[in-house]
Amino acid sequence: MAVQIYAGNLPYKIKEDELKRLFEAHGEVSSVKIITDRETGRSKGFGFVEMPNEGEANNAISQLNNAEVMGRNIQVNVARPRAERV
C-alpha cells in the first residue's frame with residue numbers, strides 16, 4: 001500500500017523534481033506535489049510525496065526528518081488524512 005508523506009518547512013525555492021530526487025535516494029517515488037498559493041503561485045513551504053513501498057517510505061522518513069535542505073531543517077512524517085472542511 002502506498003504511503004503518503006508530508007514534507008514541511010521546505011525551502012520556498014525547491015522545485016518538485018528536486019524534492020523527488022531527495023526522496024528517490026531512499027526508494028521509488030510515485031508522485032510529488034508542492035503546495036502553492038492560489039493567488040501568487042509561490043510555494044507554501046510544504047508538500048506531499050507518495051512512495052509505493054512502505055519500508056522504503058519509512059526509511060525515507062527516518063533519514064530525511066530534520067535533515068538540512070538548502071539551509072532549512074525539513075520536517076518529514078506520514079501524512080495525516082485531510083480534515084473535513086465544514
# chains A, B, ... in the order shown; residues from 1 in each chain; ligands from 1

$ residues_around --residues "A:Lys15" --least-positions-apart "3" --cutoff "8 Å" --atoms "only C-alpha atoms" --output "VMD selection string"
chain A and resid 18 to 19 34

$ residues_around --residues "A:Met70" --least-positions-apart "6" --cutoff "12 Å" --atoms "only C-alpha atoms" --output "list in words"
Asn9, Leu10, Pro11, Tyr12, Lys13, Ile14, Lys15, Glu18, Leu19 and Leu22 of chain A

$ closest_residue --among "A:Val69, A:Val29, A:Val86, A:Ala7" --to "A:Glu56" --atoms "only C-alpha atoms"
A:Val29

$ residues_around --residues "A:Ile5" --least-positions-apart "5" --cutoff "7 Å" --atoms "only C-alpha atoms" --output "VMD selection string"
chain A and resid 48 to 50 76 to 79

$ write_last_selection --atoms "C-alpha atoms" --output "tab-separated table (two decimals), in the first residue's frame"
chain	number	residue	atom	x	y	z
A	48	PHE	CA	3.46	15.63	-0.23
A	49	VAL	CA	5.42	12.68	-1.56
A	50	GLU	CA	3.88	9.30	-2.31
A	76	VAL	CA	9.10	14.68	7.26
A	77	ASN	CA	6.42	12.32	8.55
A	78	VAL	CA	3.46	10.20	7.48
A	79	ALA	CA	0.74	12.50	6.17

$ select_by_dssp --residues "chain A" --states "strand (DSSP E)" --output "list in words"
Val3, Gln4, Ile5, Tyr6, Ala7, Gly8, Ser31, Val32, Lys33, Ile34, Ile35, Thr36, Ser43, Lys44, Gly45, Phe46, Gly47, Phe48, Val49, Glu50, Met51, Glu68, Val69, Arg72, Asn73, Gln75, Val76, Asn77 and Val78 of chain A

$ atom_distance --atom1 "atom CA of A:Lys20" --atom2 "atom CA of A:Ala83"
25.4 Å

$ atom_distance --atom1 "atom CA of A:Ala57" --atom2 "atom CA of A:Ser31"
12.4 Å

$ closest_residue --among "A:Gly8, A:Arg72, A:Ile61, A:Asp17" --to "A:Lys44" --atoms "only C-alpha atoms"
A:Gly8

$ select_by_dssp --residues "chain A" --states "alpha helix (DSSP H)" --output "list in words"
Glu16, Asp17, Glu18, Leu19, Lys20, Arg21, Leu22, Phe23, Glu24, Glu54, Gly55, Glu56, Ala57, Asn58, Asn59, Ala60, Ile61, Ser62, Gln63 and Leu64 of chain A

$ residues_around --residues "A:Thr36" --least-positions-apart "3" --cutoff "9 Å" --atoms "only C-alpha atoms" --output "PyMOL selection string"
chain A and resi 39-47

$ write_last_selection --atoms "C-alpha atoms" --output "short mmCIF file (atom, residue, chain, number, x, y, z; two decimals), in the first residue's frame"
data_model
loop_
_atom_site.label_atom_id
_atom_site.label_comp_id
_atom_site.auth_asym_id
_atom_site.auth_seq_id
_atom_site.Cartn_x
_atom_site.Cartn_y
_atom_site.Cartn_z
CA GLU A 39 -3.12 33.76 -5.90
CA THR A 40 0.65 34.07 -6.29
CA GLY A 41 1.72 30.59 -7.38
CA ARG A 42 4.51 30.67 -4.76
CA SER A 43 5.33 27.65 -2.64
CA LYS A 44 3.69 27.48 0.78
CA GLY A 45 6.74 25.64 2.11
CA PHE A 46 5.25 22.15 2.30
CA GLY A 47 4.27 19.30 0.06
#

$ atom_distance --atom1 "atom CA of A:Lys33" --atom2 "atom CA of A:Ser62"
20.0 Å

$ closest_residue --among "A:Arg82, A:Gly27, A:Val32, A:Asp37" --to "A:Ala60" --atoms "only C-alpha atoms"
A:Gly27

$ closest_residue --among "A:Gln75, A:Asn59, A:Asn53, A:Gln4" --to "A:Glu28" --atoms "only C-alpha atoms"
A:Asn53

$ closest_residue --among "A:Leu64, A:Met51, A:Ala25, A:Val3" --to "A:Pro81" --atoms "only C-alpha atoms"
A:Val3
